[in-house]
Every structure is written in C-alpha cells, then in structure tokens.
>>> print(open('target_7.cif').read())   # mmCIF, C-alpha atoms
data_structure
#
loop_
_atom_site.group_PDB
_atom_site.id
_atom_site.type_symbol
_atom_site.label_atom_id
_atom_site.label_comp_id
_atom_site.auth_asym_id
_atom_site.auth_seq_id
_atom_site.Cartn_x
_atom_site.Cartn_y
_atom_site.Cartn_z
ATOM 1 C CA MET A 39 95.989 78.044 105.142
ATOM 2 C CA PRO A 40 93.375 78.952 107.724
ATOM 3 C CA ILE A 41 93.530 82.709 106.985
ATOM 4 C CA SER A 42 91.708 83.745 103.812
ATOM 5 C CA VAL A 43 92.225 87.118 102.173
ATOM 6 C CA ASP A 44 89.189 88.822 100.637
ATOM 7 C CA ILE A 45 90.842 91.843 99.016
ATOM 8 C CA ASP A 46 89.395 90.842 95.644
ATOM 9 C CA VAL A 47 85.880 90.970 97.116
ATOM 10 C CA MET A 48 86.438 94.506 98.413
ATOM 11 C CA LEU A 49 88.014 95.561 95.101
ATOM 12 C CA ALA A 50 84.904 94.377 93.250
ATOM 13 C CA ARG A 51 82.595 96.151 95.715
ATOM 14 C CA ARG A 52 84.560 99.395 95.320
ATOM 15 C CA LYS A 53 84.944 98.949 91.541
ATOM 16 C CA MET A 54 88.698 99.467 91.912
ATOM 17 C CA SER A 55 91.597 97.826 90.076
ATOM 18 C CA VAL A 56 94.574 96.154 91.719
ATOM 19 C CA GLY A 57 96.845 98.801 90.192
ATOM 20 C CA GLU A 58 94.778 101.679 91.558
ATOM 21 C CA LEU A 59 94.669 100.130 95.035
ATOM 22 C CA ALA A 60 98.425 99.499 95.004
ATOM 23 C CA ASP A 61 99.084 103.115 93.986
ATOM 24 C CA ARG A 62 96.785 104.527 96.644
ATOM 25 C CA VAL A 63 98.169 102.260 99.390
ATOM 26 C CA GLY A 64 101.777 102.792 98.376
ATOM 27 C CA ILE A 65 102.837 99.218 97.638
ATOM 28 C CA THR A 66 103.796 97.523 94.391
ATOM 29 C CA PRO A 67 101.133 95.688 92.398
ATOM 30 C CA ALA A 68 103.292 92.543 92.748
ATOM 31 C CA ASN A 69 103.286 92.779 96.558
ATOM 32 C CA LEU A 70 99.548 93.436 96.560
ATOM 33 C CA ALA A 71 99.053 90.353 94.359
ATOM 34 C CA VAL A 72 101.053 88.224 96.822
ATOM 35 C CA LEU A 73 98.806 89.428 99.638
ATOM 36 C CA LYS A 74 95.607 89.171 97.594
ATOM 37 C CA ASN A 75 96.349 85.601 96.510
ATOM 38 C CA GLY A 76 97.035 84.437 100.054
ATOM 39 C CA ARG A 77 100.749 83.783 99.505
ATOM 40 C CA ALA A 78 101.973 86.397 102.011
ATOM 41 C CA LYS A 79 103.524 85.125 105.242
ATOM 42 C CA ALA A 80 102.857 88.415 107.071
ATOM 43 C CA VAL A 81 101.266 91.826 106.638
ATOM 44 C CA ARG A 82 102.358 95.016 108.363
ATOM 45 C CA PHE A 83 99.717 96.773 110.419
ATOM 46 C CA ALA A 84 100.556 99.977 108.529
ATOM 47 C CA THR A 85 99.753 98.228 105.236
ATOM 48 C CA LEU A 86 96.547 96.751 106.651
ATOM 49 C CA ALA A 87 95.532 100.172 107.962
ATOM 50 C CA ALA A 88 96.231 101.769 104.577
ATOM 51 C CA LEU A 89 94.195 99.085 102.790
ATOM 52 C CA CYS A 90 91.291 99.688 105.184
ATOM 53 C CA GLU A 91 91.536 103.450 104.755
ATOM 54 C CA VAL A 92 91.526 103.298 100.951
ATOM 55 C CA LEU A 93 88.822 100.607 100.766
ATOM 56 C CA LYS A 94 86.793 102.181 103.616
ATOM 57 C CA CYS A 95 86.480 98.879 105.442
ATOM 58 C CA GLN A 96 87.511 97.036 108.591
ATOM 59 C CA PRO A 97 90.369 94.482 108.818
ATOM 60 C CA GLY A 98 87.764 91.735 109.193
ATOM 61 C CA ASP A 99 86.422 92.638 105.755
ATOM 62 C CA LEU A 100 89.818 91.730 104.283
ATOM 63 C CA LEU A 101 90.965 88.814 106.453
ATOM 64 C CA ARG A 102 88.972 85.822 107.619
ATOM 65 C CA TRP A 103 89.863 82.697 109.602
ATOM 66 C CA GLU A 104 88.676 79.322 108.313
ATOM 67 C CA ALA A 105 89.135 76.063 110.180
ATOM 68 C CA GLU A 106 91.371 73.613 108.374
ATOM 69 C CA ASP A 107 89.663 70.491 107.069
ATOM 70 C CA ALA A 108 90.497 67.716 109.545
ATOM 71 C CA ALA A 109 90.364 65.135 106.748
ATOM 72 C CA SER A 110 93.163 66.845 104.814
ATOM 73 C CA GLY A 111 95.465 67.199 107.880
#
>>> encode(input="target_7.cif", output="structure tokens")
Amino acid sequence: MPISVDIDVMLARRKMSVGELADRVGITPANLAVLKNGRAKAVRFATLAALCEVLKCQPGDLLRWEAEDAASG
C-alpha cells in the first residue's frame, strides 16, 4: 500500500504506549492497532486530529506516501 503509517515512530518519540494513546484519543486499542499496522481502509479526520493533538504532531508525521515498486505491480 502506498500510504505508510508512522504512529509507532511517534509513540517511541513520545515514550507513550499504544494503550495510553488509545485512551487519550478515545478509540479502542484494537482499532488503534489496525491503524498503526497499516490495515485500516480509512481514518476519520476527527481521529487524525485527536492523534495529532495527543502526540503534538502534524498529520504528515503520522502518514506518508510511498511510490509502489513498479517491479511488484
């Protein structure tokens, strides 16, 4: 998938656990894991805004576009 999710990077930088982030954002740890592992099909702007507020970051710190490898297409 060309969109990579870097929530784990921000969690490490903030020294925060997945459980703590989920609690502070107001989503379940399971739903956060789906997002964190790149298995989510969509993310609500409200959830993205809450993640950015709690982690004190910008959306681009959490989501990044990567070109797909043409050889694997």
>>> resolve_selection(input="target_7.cif", expression="the PyMOL selection byres ((chain A and resi 46) around 9)", output="list in words")
Val43, Asp44, Ile45, Val47, Met48, Leu49, Ala50, Arg51, Val56, Lys74, Asn75 and Leu100 of chain A
>>> residues_near_point(input="target_7.cif", point="(90.6, 75.7, 101.4)", cutoff="9 Å", atoms="only C-alpha atoms", output="PyMOL selection string")
chain A and resi 39-40+42+104-107
>>> write_last_selection(input="target_7.cif", atoms="C-alpha atoms", output="CSV table (one decimal), in the frame of the given file")
chain,number,residue,atom,x,y,z
A,39,MET,CA,96.0,78.0,105.1
A,40,PRO,CA,93.4,79.0,107.7
A,42,SER,CA,91.7,83.7,103.8
A,104,GLU,CA,88.7,79.3,108.3
A,105,ALA,CA,89.1,76.1,110.2
A,106,GLU,CA,91.4,73.6,108.4
A,107,ASP,CA,89.7,70.5,107.1
>>> atom_distance(input="target_7.cif", atom1="CA of Leu93 in chain A", atom2="CA of Lys53 in chain A")
10.1 Å
>>> atom_distance(input="target_7.cif", atom1="CA of Arg62 in chain A", atom2="CA of Thr85 in chain A")
11.1 Å
>>> atom_distance(input="target_7.cif", atom1="CA of Val72 in chain A", atom2="CA of Gln96 in chain A")
20.0 Å
>>> closest_residue(input="target_7.cif", among="A:Ala68, A:Ala88, A:Val81, A:Ser55", to="Leu101 in chain A", atoms="only C-alpha atoms")
A:Val81
>>> residues_near_point(input="target_7.cif", point="(99.6, 93.4, 94.3)", cutoff="10 Å", atoms="all atoms listed in the file", output="VMD selection string")
chain A and resid 56 to 61 65 to 75
